[in-house]
Structures are given as structure tokens and as C-alpha cells.
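Raw coords_4.cif, mmCIF, C-alpha atoms:
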data_data
#
loop_
_atom_site.label_atom_id
_atom_site.label_comp_id
_atom_site.auth_asym_id
_atom_site.auth_seq_id
_atom_site.Cartn_x
_atom_site.Cartn_y
_atom_site.Cartn_z
CA MET A 1 -18.09 34.68 -3.42
CA PRO A 2 -15.37 36.67 -5.24
CA GLY A 3 -12.15 34.75 -5.76
CA GLN A 4 -13.76 31.31 -5.56
CA THR A 5 -13.56 29.00 -8.55
CA PRO A 6 -17.01 27.70 -9.54
CA PRO A 7 -17.38 23.90 -9.73
CA ARG A 8 -17.26 22.25 -13.15
CA PRO A 9 -20.63 21.18 -14.61
CA ASP A 10 -19.61 17.49 -14.23
CA GLU A 11 -18.36 17.95 -10.67
CA PRO A 12 -20.65 17.07 -7.73
CA PRO A 13 -21.48 19.93 -5.34
CA ARG A 14 -18.75 20.56 -2.78
CA GLY A 15 -19.34 18.78 0.48
CA THR A 16 -21.57 16.14 -1.13
CA LEU A 17 -18.87 13.46 -1.30
CA ARG A 18 -17.70 13.99 2.27
CA GLN A 19 -21.29 13.91 3.52
CA ARG A 20 -22.03 10.73 1.56
CA LEU A 21 -18.93 8.99 2.91
CA ALA A 22 -19.87 10.00 6.45
CA GLU A 23 -23.30 8.39 5.93
CA LEU A 24 -21.64 5.17 4.74
CA ARG A 25 -19.24 5.16 7.69
CA GLY A 26 -21.89 5.76 10.34
CA PRO A 27 -21.33 7.64 13.63
CA ALA A 28 -17.74 6.41 14.10
CA LEU A 29 -14.84 8.77 13.52
CA PRO A 30 -13.08 8.27 10.17
CA ARG A 31 -10.10 5.96 10.29
CA PRO A 32 -7.14 7.88 8.81
CA LEU A 33 -5.31 6.40 5.86
CA ASP A 34 -1.62 5.65 6.31
CA ALA A 35 1.13 4.65 3.90
CA ARG A 36 0.53 0.92 4.45
CA ALA A 37 -3.16 1.26 3.55
CA LEU A 38 -2.40 3.35 0.46
CA ALA A 39 0.28 0.87 -0.61
CA ALA A 40 -2.19 -2.01 -0.21
CA LEU A 41 -4.66 -0.12 -2.41
CA ALA A 42 -2.01 0.20 -5.08
CA ALA A 43 -1.34 -3.53 -4.87
CA ASN A 44 -4.99 -4.31 -5.72
CA PRO A 45 -6.28 -1.39 -7.82
CA GLY A 46 -9.31 -3.31 -9.12
CA CYS A 47 -11.00 -3.69 -5.71
CA LYS A 48 -13.87 -1.21 -5.53
CA ARG A 49 -14.80 -2.49 -2.07
CA ARG A 50 -11.49 -1.52 -0.48
CA ALA A 51 -11.35 1.77 -2.38
CA LEU A 52 -14.75 2.82 -1.03
CA LEU A 53 -14.21 1.60 2.54
CA ASP A 54 -10.78 3.23 2.81
CA GLY A 55 -12.01 6.40 1.14
CA ALA A 56 -14.86 6.60 3.67
CA GLY A 57 -12.53 5.92 6.59
CA VAL A 58 -14.38 2.75 7.63
CA ASP A 59 -12.69 0.64 10.31
CA LYS A 60 -12.37 -2.56 8.26
CA GLY A 61 -11.14 -4.53 11.28
CA ALA A 62 -14.29 -3.74 13.25
CA LEU A 63 -16.40 -4.42 10.17
CA ALA A 64 -14.75 -7.83 9.63
CA THR A 65 -15.35 -8.75 13.29
CA ALA A 66 -19.02 -7.73 13.02
CA LEU A 67 -19.33 -9.94 9.92
CA GLY A 68 -17.88 -12.89 11.83
CA SER A 69 -14.59 -13.03 9.90
CA PRO A 70 -12.02 -11.22 12.07
CA ALA A 71 -8.54 -10.87 10.64
CA PRO A 72 -5.66 -11.99 12.91
CA PHE A 73 -3.60 -8.90 12.06
CA GLY A 74 -1.06 -7.10 14.18
CA GLN A 75 2.64 -7.22 14.88
CA SER A 76 3.85 -9.07 17.95
CA GLN A 77 5.24 -6.98 20.79
CA PHE A 78 8.59 -8.74 20.43
CA ALA A 79 8.82 -7.95 16.71
CA PHE A 80 7.77 -4.36 17.38
CA MET A 81 10.48 -3.89 20.01
CA ARG A 82 13.10 -5.58 17.80
CA GLY A 83 12.20 -3.26 14.90
CA ASN A 84 12.45 -0.17 17.10
CA ALA A 85 15.80 -1.29 18.49
CA PHE A 86 17.17 -1.88 14.99
CA GLU A 87 15.98 1.52 13.77
CA ALA A 88 17.53 3.23 16.80
CA ARG A 89 20.85 1.52 16.04
CA VAL A 90 20.76 2.65 12.39
CA LYS A 91 20.05 6.26 13.41
CA ALA A 92 22.45 6.42 16.37
CA ASP A 93 25.11 9.17 16.64
CA GLY A 94 23.15 11.61 14.50
CA GLY A 95 22.56 9.07 11.77
CA THR A 96 26.25 8.38 11.09
CA GLU A 97 25.69 4.76 10.02
CA LEU A 98 22.60 5.64 8.02
CA MET A 99 24.42 8.37 6.11
CA ARG A 100 27.33 5.99 5.45
CA LEU A 101 24.96 3.45 3.91
CA LEU A 102 23.17 6.11 1.90
CA TYR A 103 26.40 7.62 0.62
CA GLU A 104 27.69 4.19 -0.43
CA ARG A 105 24.54 3.52 -2.44
CA LEU A 106 23.35 6.96 -3.58
CA GLY A 107 26.25 9.32 -2.98
CA GLY A 108 29.37 10.09 -4.94
CA PRO A 109 33.09 9.32 -4.65
CA GLY A 110 35.05 10.09 -1.50
CA GLU A 111 34.19 9.90 2.16
CA PRO A 112 30.66 10.01 3.58
CA PRO A 113 29.58 13.46 4.78
CA ARG A 114 30.51 14.37 8.35
CA ASP A 115 28.56 17.61 8.64
CA VAL A 116 24.89 16.57 8.48
CA ALA A 117 22.09 18.83 9.73
CA VAL A 118 19.36 17.12 11.76
CA PRO A 119 16.52 19.68 12.04
CA ASP A 120 14.05 19.62 14.90
CA LEU A 121 10.64 18.62 13.52
CA THR A 122 8.69 19.00 16.76
CA ALA A 123 5.27 20.65 16.36
CA ALA A 124 1.74 20.32 17.69
CA GLY A 125 -0.43 17.74 15.94
CA PRO A 126 0.05 16.09 12.53
CA GLU A 127 -0.87 19.25 10.62
CA GLY A 128 1.70 21.29 12.54
CA ARG A 129 4.35 18.59 12.07
CA ALA A 130 3.64 18.45 8.32
CA ALA A 131 4.06 22.22 8.06
CA ARG A 132 7.28 22.07 10.10
CA THR A 133 8.61 19.27 7.87
CA ALA A 134 7.87 21.25 4.70
CA LEU A 135 9.71 24.26 6.16
CA ALA A 136 12.70 22.10 7.15
CA LEU A 137 12.88 20.60 3.65
CA ARG A 138 12.90 24.06 2.07
CA GLU A 139 15.54 25.38 4.48
CA ALA A 140 17.79 22.34 3.96
CA THR A 141 17.50 22.60 0.17
CA ARG A 142 18.31 26.32 0.28
CA ALA A 143 21.34 25.67 2.52
CA GLY A 144 22.85 23.32 -0.08
CA GLY A 145 24.22 20.77 2.39
CA TRP A 146 23.34 17.34 3.73
CA ALA A 147 20.35 17.06 6.06
CA LEU A 148 18.67 14.11 7.76
CA LEU A 149 15.00 14.44 8.65
CA ASP A 150 14.12 11.81 11.27
CA HIS A 151 10.46 10.72 11.10
CA PRO A 152 9.18 13.70 9.13
CA MET A 153 5.45 14.18 8.67
CA LEU A 154 4.07 14.44 5.13
CA ALA A 155 0.54 15.23 3.95
CA LEU A 156 -1.20 13.78 0.92
CA GLU A 157 -4.76 14.56 -0.08
CA VAL A 158 -6.85 11.42 -0.50
CA ALA A 159 -10.54 11.51 -1.44
CA GLY A 160 -10.74 15.16 -0.44
CA SER A 161 -9.15 14.69 3.00
CA PRO A 162 -5.51 14.91 4.13
CA ALA A 163 -3.68 11.68 4.95
CA TYR A 164 -0.66 12.16 7.20
CA LEU A 165 2.30 9.91 6.47
CA GLU A 166 5.49 9.34 8.46
CA PRO A 167 8.48 7.80 6.65
CA ASP A 168 11.40 6.55 8.70
CA ALA A 169 13.68 9.24 7.28
CA VAL A 170 14.22 11.63 4.39
CA VAL A 171 17.71 12.76 3.38
CA VAL A 172 18.35 16.05 1.57
CA HIS A 173 21.39 15.99 -0.75
CA PRO A 174 23.54 19.05 -1.51
CA ASP A 175 22.20 19.10 -5.09
CA GLY A 176 18.59 19.39 -3.84
CA THR A 177 17.62 15.73 -4.23
CA TRP A 178 15.33 14.30 -1.54
CA SER A 179 15.73 10.57 -0.83
CA VAL A 180 13.30 8.40 1.12
CA VAL A 181 14.80 5.91 3.60
CA GLU A 182 12.81 2.86 4.74
CA ILE A 183 14.11 0.82 7.68
CA LYS A 184 12.66 -2.69 7.96
CA SER A 185 13.29 -5.52 10.41
CA PHE A 186 13.17 -8.39 7.89
CA PRO A 187 16.66 -9.74 7.05
CA MET A 188 18.72 -9.16 3.94
CA ILE A 189 20.48 -12.49 3.39
CA ASP A 190 23.48 -12.56 1.03
CA GLY A 191 22.56 -9.11 -0.24
CA SER A 192 18.90 -9.82 -1.04
CA ALA A 193 15.64 -9.89 0.92
CA ASP A 194 12.27 -11.59 0.50
CA ALA A 195 10.81 -10.34 -2.78
CA ALA A 196 7.26 -9.98 -1.44
CA LYS A 197 8.42 -7.92 1.53
CA VAL A 198 10.63 -5.75 -0.65
CA GLY A 199 7.68 -5.18 -2.99
CA ALA A 200 5.49 -4.09 -0.08
CA ALA A 201 8.23 -1.73 1.13
CA ALA A 202 8.56 -0.30 -2.39
CA ARG A 203 4.83 0.40 -2.62
CA GLN A 204 4.89 2.05 0.79
CA SER A 205 7.90 4.17 -0.19
CA ALA A 206 6.16 5.20 -3.41
CA VAL A 207 3.43 6.79 -1.29
CA TYR A 208 6.06 8.86 0.52
CA VAL A 209 7.59 9.88 -2.80
CA LEU A 210 4.23 11.16 -4.03
CA ALA A 211 3.72 13.15 -0.82
CA LEU A 212 7.24 14.62 -1.07
CA GLU A 213 6.60 15.66 -4.67
CA ARG A 214 3.78 17.92 -3.47
CA VAL A 215 6.29 19.84 -1.33
CA ALA A 216 9.03 19.76 -3.99
CA GLU A 217 6.68 21.42 -6.50
CA VAL A 218 6.74 24.61 -4.42
CA THR A 219 10.42 24.40 -3.41
CA ASP A 220 13.05 25.96 -5.69
CA GLY A 221 15.84 23.57 -6.64
CA ALA A 222 14.20 20.50 -5.11
CA ARG A 223 13.84 17.12 -6.79
CA VAL A 224 12.46 13.90 -5.31
CA GLY A 225 14.56 10.84 -6.07
CA HIS A 226 12.77 7.71 -7.27
CA ARG A 227 15.50 5.48 -5.84
CA VAL A 228 14.72 4.59 -2.24
CA LEU A 229 17.25 3.33 0.30
CA LEU A 230 16.01 0.15 2.00
CA VAL A 231 17.89 -0.70 5.22
CA CYS A 232 17.52 -4.17 6.78
CA PRO A 233 19.45 -6.39 9.21
CA LYS A 234 22.37 -8.14 7.51
CA ASP A 235 21.87 -11.91 7.40
CA PHE A 236 20.76 -12.93 10.92
CA SER A 237 22.63 -10.24 12.82
CA ASN A 238 21.59 -6.80 14.04
CA LEU A 239 24.09 -5.08 11.73
CA PRO A 240 22.50 -2.91 9.03
CA ALA A 241 22.75 -3.57 5.30
CA ALA A 242 21.22 -1.49 2.52
CA SER A 243 20.02 -1.77 -1.04
CA VAL A 244 18.48 0.68 -3.50
CA VAL A 245 14.94 0.12 -4.79
CA ASP A 246 13.62 1.98 -7.83
CA VAL A 247 9.97 2.85 -7.11
CA ARG A 248 8.98 4.56 -10.39
CA LYS A 249 6.63 1.74 -11.35
CA GLN A 250 5.02 1.61 -7.90
CA ARG A 251 4.70 5.39 -7.88
CA ALA A 252 2.81 5.37 -11.19
CA VAL A 253 0.44 2.64 -10.01
CA THR A 254 -0.18 4.38 -6.69
CA ARG A 255 -0.82 7.70 -8.39
CA ARG A 256 -3.43 6.12 -10.66
CA GLN A 257 -5.10 4.46 -7.70
CA LEU A 258 -5.23 7.71 -5.72
CA THR A 259 -6.84 9.39 -8.71
CA ARG A 260 -9.40 6.61 -8.71
CA LEU A 261 -9.94 7.07 -4.97
CA THR A 262 -10.87 10.70 -5.49
CA ARG A 263 -13.80 9.41 -7.56
CA VAL A 264 -15.27 7.11 -4.94
CA ASP A 265 -18.47 9.14 -5.32
CA GLU A 266 -19.13 7.09 -8.48
CA ILE A 267 -18.93 3.86 -6.46
CA ALA A 268 -20.99 5.31 -3.62
CA ALA A 269 -23.66 6.63 -6.00
CA ALA A 270 -24.36 3.08 -7.23
CA LEU A 271 -25.24 1.82 -3.74
CA PRO A 272 -28.85 1.50 -2.56
CA GLU A 273 -30.21 4.34 -0.44
CA GLY A 274 -29.56 3.84 3.27
CA THR A 275 -26.49 1.61 2.82
CA THR A 276 -24.13 1.84 5.78
CA PHE A 277 -21.02 0.03 6.98
CA ASP A 278 -21.57 0.94 10.63
CA PRO A 279 -20.24 -2.08 12.62
CA GLU A 280 -23.08 -1.60 15.12
CA ARG A 281 -25.62 -2.77 12.54
CA SER A 282 -26.75 -6.38 12.34
CA PRO A 283 -24.54 -8.91 10.50
CA GLU A 284 -27.31 -9.37 7.92
CA GLU A 285 -27.41 -5.64 7.12
CA LEU A 286 -23.62 -5.45 6.93
CA GLU A 287 -23.45 -8.53 4.69
CA THR A 288 -25.89 -6.88 2.28
CA ALA A 289 -23.96 -3.61 2.33
CA VAL A 290 -20.56 -5.22 1.77
CA GLU A 291 -21.78 -7.49 -1.03
CA ALA A 292 -23.27 -4.44 -2.79
CA VAL A 293 -19.71 -3.32 -3.62
CA THR A 294 -17.61 -5.38 -6.03
CA ALA A 295 -14.44 -6.89 -4.60
CA ALA A 296 -11.33 -8.19 -6.37
CA TYR A 297 -10.15 -10.89 -3.98
CA ALA A 298 -6.75 -12.54 -4.33
CA PRO A 299 -4.78 -14.65 -1.81
CA GLU A 300 -2.34 -11.73 -1.45
CA CYS A 301 -5.13 -9.77 0.25
CA LEU A 302 -4.75 -11.96 3.34
CA SER A 303 -1.60 -10.08 4.32
CA SER A 304 -2.88 -6.56 3.70
CA CYS A 305 -6.66 -6.25 4.14
CA GLU A 306 -8.77 -6.83 7.24
CA LEU A 307 -11.74 -7.95 5.13
CA ALA A 308 -9.74 -10.57 3.24
CA PHE A 309 -11.03 -13.55 5.24
CA HIS A 310 -14.63 -12.52 4.58
CA CYS A 311 -13.92 -12.04 0.86
CA ARG A 312 -12.09 -15.38 0.71
CA SER A 313 -15.03 -17.27 2.24
CA ARG A 314 -17.39 -15.66 -0.28
CA ALA A 315 -15.07 -16.44 -3.20
CA ARG A 316 -14.80 -20.07 -2.08
CA ALA A 317 -18.56 -20.38 -1.59
CA GLU A 318 -19.12 -19.09 -5.13
CA GLY A 319 -16.38 -21.33 -6.53
CA ALA A 320 -14.61 -18.29 -7.99
CA VAL A 321 -11.22 -18.96 -9.57
CA GLU A 322 -9.90 -15.74 -7.98
CA SER A 323 -9.43 -17.76 -4.79
CA LEU A 324 -6.66 -19.68 -6.60
CA GLY A 325 -4.58 -16.56 -7.29
CA ARG A 326 -4.24 -13.81 -9.89
CA GLY A 327 -1.87 -15.87 -12.03
CA VAL A 328 -4.35 -18.74 -12.34
CA ARG A 329 -7.21 -16.32 -12.96
CA GLY A 330 -5.29 -14.66 -15.78
CA GLU A 331 -4.55 -17.98 -17.48
CA LEU A 332 -8.19 -19.15 -17.46
CA GLY A 333 -9.63 -16.36 -19.59
CA GLY A 334 -13.43 -16.51 -19.65
CA LEU A 335 -13.65 -19.42 -17.21
CA THR A 336 -14.67 -17.80 -13.92
CA THR A 337 -15.63 -20.72 -11.66
CA VAL A 338 -13.83 -23.84 -10.48
CA ALA A 339 -16.80 -25.95 -11.57
CA GLY A 340 -16.60 -24.44 -15.05
CA VAL A 341 -12.86 -25.17 -15.22
CA LEU A 342 -13.38 -28.82 -14.25
CA ALA A 343 -16.23 -29.19 -16.74
CA ALA A 344 -14.08 -27.69 -19.52
CA ALA A 345 -11.20 -30.02 -18.65
CA ALA A 346 -13.56 -33.02 -18.81
CA GLY A 347 -14.86 -31.95 -22.21
CA LYS A 348 -18.37 -31.29 -20.92
CA GLU A 349 -18.36 -27.50 -21.46
CA GLY A 350 -16.38 -24.82 -23.24
CA ASP A 351 -15.32 -23.98 -26.76
CA PRO A 352 -12.52 -26.31 -27.96
CA ALA A 353 -11.08 -23.37 -29.92
CA ASP A 354 -10.56 -21.42 -26.70
CA PRO A 355 -6.82 -21.67 -25.82
CA ALA A 356 -7.62 -22.01 -22.10
CA VAL A 357 -10.10 -24.84 -22.73
CA ALA A 358 -7.69 -26.59 -25.10
CA ALA A 359 -4.87 -26.36 -22.53
CA LEU A 360 -7.08 -27.74 -19.78
CA ARG A 361 -8.16 -30.70 -21.90
CA ARG A 362 -4.58 -31.41 -22.90
CA ALA A 363 -3.51 -31.29 -19.24
CA ALA A 364 -6.38 -33.63 -18.29
CA ALA A 365 -5.36 -36.09 -21.02
CA LEU A 366 -1.72 -36.05 -19.88
CA ARG A 367 -2.80 -36.64 -16.28
CA ALA A 368 -4.98 -39.58 -17.33
CA GLU A 369 -2.07 -41.06 -19.29
CA ALA A 370 0.26 -40.71 -16.33
CA LEU A 371 -2.23 -42.35 -13.99
CA GLU A 372 -2.82 -45.25 -16.41
CA GLY A 373 0.92 -45.78 -16.76
CA ARG A 374 1.34 -45.81 -13.00
CA VAL A 375 -1.39 -48.45 -12.61
CA ALA A 376 0.13 -50.57 -15.41
CA CYS A 377 3.53 -50.55 -13.68
CA ARG A 378 2.15 -52.06 -10.48
#
Now, as a test, write the supplied structure out as C-alpha cells.
Amino acid sequence: MPGQTPPRPDEPPRGTLRQRLAELRGPALPRPLDARALAALAANPGCKRRALLDGAGVDKGALATALGSPAPFGQSQFAFMRGNAFEARVKADGGTELMRLLYERLGGPGEPPRDVAVPDLTAAGPEGRAARTALALREATRAGGWALLDHPMLALEVAGSPAYLEPDAVVVHPDGTWSVVEIKSFPMIDGSADAAKVGAAARQSAVYVLALERVAEVTDGARVGHRVLLVCPKDFSNLPAASVVDVRKQRAVTRRQLTRLTRVDEIAAALPEGTTFDPERSPEELETAVEAVTAAYAPECLSSCELAFHCRSRARAEGAVESLGRGVRGELGGLTTVAGVLAAAAGKEGDPADPAVAALRRAAALRAEALEGRVACR
């Protein structure tokens, strides 16, 4: 048709990828991706299994249950209510406390702004809310003042489909900078919070930054800040404290992973004909389907992926060193199994010139010395 851009010679026919992913998913409706899922993908970019399942919209929780390895995920009702109460306190009185914290960390000299616009973002459905958010961002940038967008809706295309994301808040500065605000319920003790939780929040915020950049590209004078305001309870109280997190590194990793996600057709094309992840299939069929896609298991997956317990049991059954952690795996070089590591340490296998093998044998010798000395002292 006139006006349509023809597909590139190396590009699969339009509609093919979506159809293929629907076949892999089965009759269930696709599970939408959110910022947490995209952040978890960025944390483990080498896992083809998660990339394909998330790209296809497979319900990994239902799949894990059907495989016999359900993940005990979910936030307690008490923690959920506590988090909502803390967020409400931070945003009370038109966001006065939130703007004070933001101005202290990301503003300039003088008093925090008193005149802050809080646009109404109400609209029908996620698509309508995303359009209303984009309009509010443009209007606030054009007005040249401070604006606080409470729970805006952002859209980001993932594997050919829109993913709708909802940050806690976005603040528009008078100079046209847009800042993401993340409000978490974990404590900030003596000015610092748990590094793992801060890292997860940074990866999640990086997803919001990427989605905001799509809107900023078509908004005159807009610029998305890479410094995110993280607000947490101070010490063990319900008073808010804030710190600034630079998410440029997390943004770059997430962007690469999303680019990889748009090519899930390459992963899907390598699967046998008839492969499906429909949880209604037999455990044997699902086991075969899941094992047909390469995973990159690490202990960190247990806190972010519903299939982690299944992948852990497989890694342990195979004696894979990945089950010991990424750091250990990186130090062992070409040694991929626990049995191989033990054999190398005992001098039964491995090249003595290999630094990993030499270090293992040295460690084994030191351990033997220590044990002999302990026995001699008795």
C-alpha cells in the first residue's frame, strides 16, 4: 500500500513473530511486562529462557507450578499496606515533603518551590492514561514551572508490543528536566540502604527513564535526568529520607537487553516444531519445552524469577557451578561442573598451567596443611 515502508530483506514478515509467540504461550492471554520484570531481565541479560518467556507473555508462575517447582513470591498484605501508607505520607499536601526532598537533592539554592502543578492524569485504560501523561509532560515543560505527576503511565515497546509502566512519580523542573522518583518501603539507615535493594530500584528506575526518553524525543525543551530520587523510611521510623541514584549504567544495560528482546524470534526459531509453554500441558511436555531454551541460572534469580527454583534444581542435578554464584563461576574459567572442580583440586584432572586449576590445587594444599597442623596440635 502507498506510504508503507517495505520490510528489510533480513526482517521476518510482519505478524510472524507475534503469531509465533502466541503459539508458544498457548491459549492464555499474554502476561504484560512491567518495570520489575524488565529490570530483572536487565539483571540477567544472558538468560535466553527468561527473554523468550517474558517476550511471549508466558505466566512463569503458572508454568513453575505446573512443573512442580512453585515460587513462593508475593508481598505480604502487611508490607503492602505499610508501603502504601508511607507513599501517601510522602505525597501528602500536594507533594510538599516530596518536593522538599527533591529540591534538597536535585534542586538549586534557596527555598523549595511552593507553586507546584499537579495535573490530573485520569483517563480510560492504560493506553489512554499513557496518552494523557505524555500530554501533561509536554504542557508542564512548555509552562516552564514545577510540576509533579503522581503515578503517571508510560509506554515502552517490548518485542513488538507496548508495555505500560507506572512510576511512583515524575517531577518536571523549570528548565525542562524530567526526574523519576521511586518510593520504597525498605529503610535507609544512617543515610544508606541495602545495596541489593538499591540496585533493584535503580534497574527499575532505568526502565522508567527509557520510557520517558521516548516522550522527551518529541517534546521541545525536554530532557530526562539520569539521576533518580530514591525515597525510603529514615532509620526505623516512618519519616522519609532521600538519596540520589545515578542510573546511566543500568539504563545502558536495560536498553541492550530490550534490543535483544526484540529479536526473540531468533530464540523461538531454534525450538522444535510444536513447542509450547501452555501450563495445561503435561509436566513431561513442559519439562521438554523449558529445557529446550538455554537458561543462565544464578542464586540472584531466586528473588526475581518465578522459574528460579526449577532452574536451581536442574543446575544442582547437573552439578553446574552456576549454582554457586556468578562470582564463583567467573573465577573457575573453563571448569563448568562441581565434580570437575573437585577433580582439578585433587590433581586428577585439568591443565596445571590453567590459573584456575593452579589456584584450586594451591588452595587444596593449604587446606591439607591446616588440617594436618590441627591434628598435630591435639
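Candidate residues A:Pro355, A:Pro279, A:Gly225, A:Gly191 were compared for distance to A:Arg248, and the nearest is A:Gly225, using only C-alpha atoms.
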Inset, instruction - To one decimal in Å, tell me the separation between atom CA of A:Pro299 and atom CA of A:Ser323. - result: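 Pair atom CA of A:Pro299 / atom CA of A:Ser323 returns 6.3 Å.
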Inset, instruction - Determine the residue membership of the PyMOL selection byres ((chain A and resi 168-173) around 6) for the file above and supply it as a list in words. - result: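 Applying the PyMOL selection byres ((chain A and resi 168-173) around 6) to the structure shown produces Trp146, Ala147, Leu148, Leu149, Asp150, His151, Pro167, Pro174, Asp175, Gly176, Thr177, Trp178, Ser179, Val180, Val181 and Glu182 of chain A.
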Legend entry - Nearest-residue call for A:Arg281, choices A:Ala131, A:Ala22, A:Leu67, A:Asp34, using all atoms listed in the file: A:Leu67
Legend entry - A:Leu165 environment, 10 Å, only C-alpha atoms, sequence neighbours closer than 5 positions dropped, as a PyMOL selection string: chain A and resi 32-36+126+130+151-156+207-208+211
Inset, instruction - Tell me which residues the PyMOL selection byres ((chain A and resi 206) around 6) grabs here, as a PyMOL selection string. - result: chain A and resi 203-205+207-209+247+250-251
Legend entry - Picked residues, the PyMOL selection byres ((chain A and resi 338) around 6), as a list in words: Gly319, Val321, Thr337, Ala339, Gly340 and Val341 of chain A
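Coordinates place atom CA of A:Ala358 at a distance of 18.4 Å from atom CA of A:Ala370.
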Inset, instruction - Show which residues sit within 7 Å of A:Lys48, as a PyMOL selection string. Count all atoms listed in the file, and ignore same-chain residues fewer than 4 positions away. - result: chain A and resi 52+293-295
Legend entry - Between atom CA of A:Glu97 and atom CA of A:Asp115 - distance in Å to one decimal: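 Straight-line distance from atom CA of A:Asp115 to atom CA of A:Glu97 works out to 13.2 Å.
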Legend entry - For A:Asp93, the nearest of the candidates A:Ala196, A:Ala42, A:Ile183, A:Val118, counting only C-alpha atoms: A:Val118
Inset, instruction - Have a look at A:Gln257, A:Ser282, A:Ser185, A:Ser237 and name the one nearest to A:Ala88; count all atoms listed in the file. - result: A:Ser185
Legend entry - Residue nearest A:Leu307 - candidates A:Arg100, A:Lys60, A:Arg18, A:Arg49, atoms counted: only C-alpha atoms: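 Looking at the shortest contact to A:Leu307, the residue is A:Lys60.
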Inset, instruction - Give as an MDAnalysis selection string the set of residues within 9 Å of the point (-10.3, -11.5, 9.3), where distances use the file's coordinates and all atoms listed in the file. - result: chainID A and resid 61 64:65 68:73 302 305:310
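Using only C-alpha atoms, the protein and nucleic acid residues lying no more than 12 Å from A:Ala37, apart from those fewer than 6 places from it along its own chain, are Arg31, Ala43, Asn44, Arg50, Ala51, Leu53, Asp54, Gly55, Gly57, Asp59, Lys60, Val158, Ala163, Tyr164, Leu165, Ala200, Arg203, Gln204, Val207, Thr254, Gln257, Leu258, Cys301, Ser303, Ser304, Cys305 and Glu306 of chain A.
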Could stretch 52-70 of chain A be completed with N, CA and C atoms and returned as a PDB file, in the frame of the given file?
ATOM      1  N   LEU A  52     -13.655   2.086  -1.667  1.00  0.00           N
ATOM      2  CA  LEU A  52     -14.750   2.820  -1.030  1.00  0.00           C
ATOM      3  C   LEU A  52     -14.601   2.835   0.482  1.00  0.00           C
ATOM      4  N   LEU A  53     -14.305   1.673   1.083  1.00  0.00           N
ATOM      5  CA  LEU A  53     -14.210   1.600   2.540  1.00  0.00           C
ATOM      6  C   LEU A  53     -13.047   2.443   3.065  1.00  0.00           C
ATOM      7  N   ASP A  54     -11.907   2.411   2.377  1.00  0.00           N
ATOM      8  CA  ASP A  54     -10.780   3.230   2.810  1.00  0.00           C
ATOM      9  C   ASP A  54     -11.048   4.706   2.559  1.00  0.00           C
ATOM     10  N   GLY A  55     -11.676   5.008   1.433  1.00  0.00           N
ATOM     11  CA  GLY A  55     -12.010   6.400   1.140  1.00  0.00           C
ATOM     12  C   GLY A  55     -12.980   6.981   2.157  1.00  0.00           C
ATOM     13  N   ALA A  56     -13.886   6.148   2.677  1.00  0.00           N
ATOM     14  CA  ALA A  56     -14.860   6.600   3.670  1.00  0.00           C
ATOM     15  C   ALA A  56     -14.302   6.566   5.088  1.00  0.00           C
ATOM     16  N   GLY A  57     -13.124   5.995   5.262  1.00  0.00           N
ATOM     17  CA  GLY A  57     -12.530   5.920   6.590  1.00  0.00           C
ATOM     18  C   GLY A  57     -13.178   4.874   7.474  1.00  0.00           C
ATOM     19  N   VAL A  58     -13.737   3.817   6.864  1.00  0.00           N
ATOM     20  CA  VAL A  58     -14.380   2.750   7.630  1.00  0.00           C
ATOM     21  C   VAL A  58     -13.318   1.900   8.328  1.00  0.00           C
ATOM     22  N   ASP A  59     -13.578   1.535   9.573  1.00  0.00           N
ATOM     23  CA  ASP A  59     -12.690   0.640  10.310  1.00  0.00           C
ATOM     24  C   ASP A  59     -12.956  -0.785   9.809  1.00  0.00           C
ATOM     25  N   LYS A  60     -12.131  -1.257   8.873  1.00  0.00           N
ATOM     26  CA  LYS A  60     -12.370  -2.560   8.260  1.00  0.00           C
ATOM     27  C   LYS A  60     -12.183  -3.703   9.258  1.00  0.00           C
ATOM     28  N   GLY A  61     -11.325  -3.508  10.263  1.00  0.00           N
ATOM     29  CA  GLY A  61     -11.140  -4.530  11.280  1.00  0.00           C
ATOM     30  C   GLY A  61     -12.406  -4.749  12.088  1.00  0.00           C
ATOM     31  N   ALA A  62     -13.036  -3.640  12.503  1.00  0.00           N
ATOM     32  CA  ALA A  62     -14.290  -3.740  13.250  1.00  0.00           C
ATOM     33  C   ALA A  62     -15.395  -4.304  12.380  1.00  0.00           C
ATOM     34  N   LEU A  63     -15.389  -3.922  11.102  1.00  0.00           N
ATOM     35  CA  LEU A  63     -16.400  -4.420  10.170  1.00  0.00           C
ATOM     36  C   LEU A  63     -16.241  -5.927   9.971  1.00  0.00           C
ATOM     37  N   ALA A  64     -15.006  -6.393   9.813  1.00  0.00           N
ATOM     38  CA  ALA A  64     -14.750  -7.830   9.630  1.00  0.00           C
ATOM     39  C   ALA A  64     -15.183  -8.618  10.866  1.00  0.00           C
ATOM     40  N   THR A  65     -14.939  -8.073  12.050  1.00  0.00           N
ATOM     41  CA  THR A  65     -15.350  -8.750  13.290  1.00  0.00           C
ATOM     42  C   THR A  65     -16.874  -8.836  13.362  1.00  0.00           C
ATOM     43  N   ALA A  66     -17.560  -7.740  12.996  1.00  0.00           N
ATOM     44  CA  ALA A  66     -19.020  -7.730  13.020  1.00  0.00           C
ATOM     45  C   ALA A  66     -19.603  -8.721  12.019  1.00  0.00           C
ATOM     46  N   LEU A  67     -18.878  -8.972  10.932  1.00  0.00           N
ATOM     47  CA  LEU A  67     -19.330  -9.940   9.920  1.00  0.00           C
ATOM     48  C   LEU A  67     -19.005 -11.376  10.318  1.00  0.00           C
ATOM     49  N   GLY A  68     -18.235 -11.544  11.382  1.00  0.00           N
ATOM     50  CA  GLY A  68     -17.880 -12.890  11.830  1.00  0.00           C
ATOM     51  C   GLY A  68     -16.634 -13.441  11.184  1.00  0.00           C
ATOM     52  N   SER A  69     -15.835 -12.579  10.540  1.00  0.00           N
ATOM     53  CA  SER A  69     -14.590 -13.030   9.900  1.00  0.00           C
ATOM     54  C   SER A  69     -13.434 -12.137  10.320  1.00  0.00           C
ATOM     55  N   PRO A  70     -13.104 -12.116  11.614  1.00  0.00           N
ATOM     56  CA  PRO A  70     -12.020 -11.220  12.070  1.00  0.00           C
ATOM     57  C   PRO A  70     -10.683 -11.627  11.476  1.00  0.00           C
TER      58      PRO A  70
END
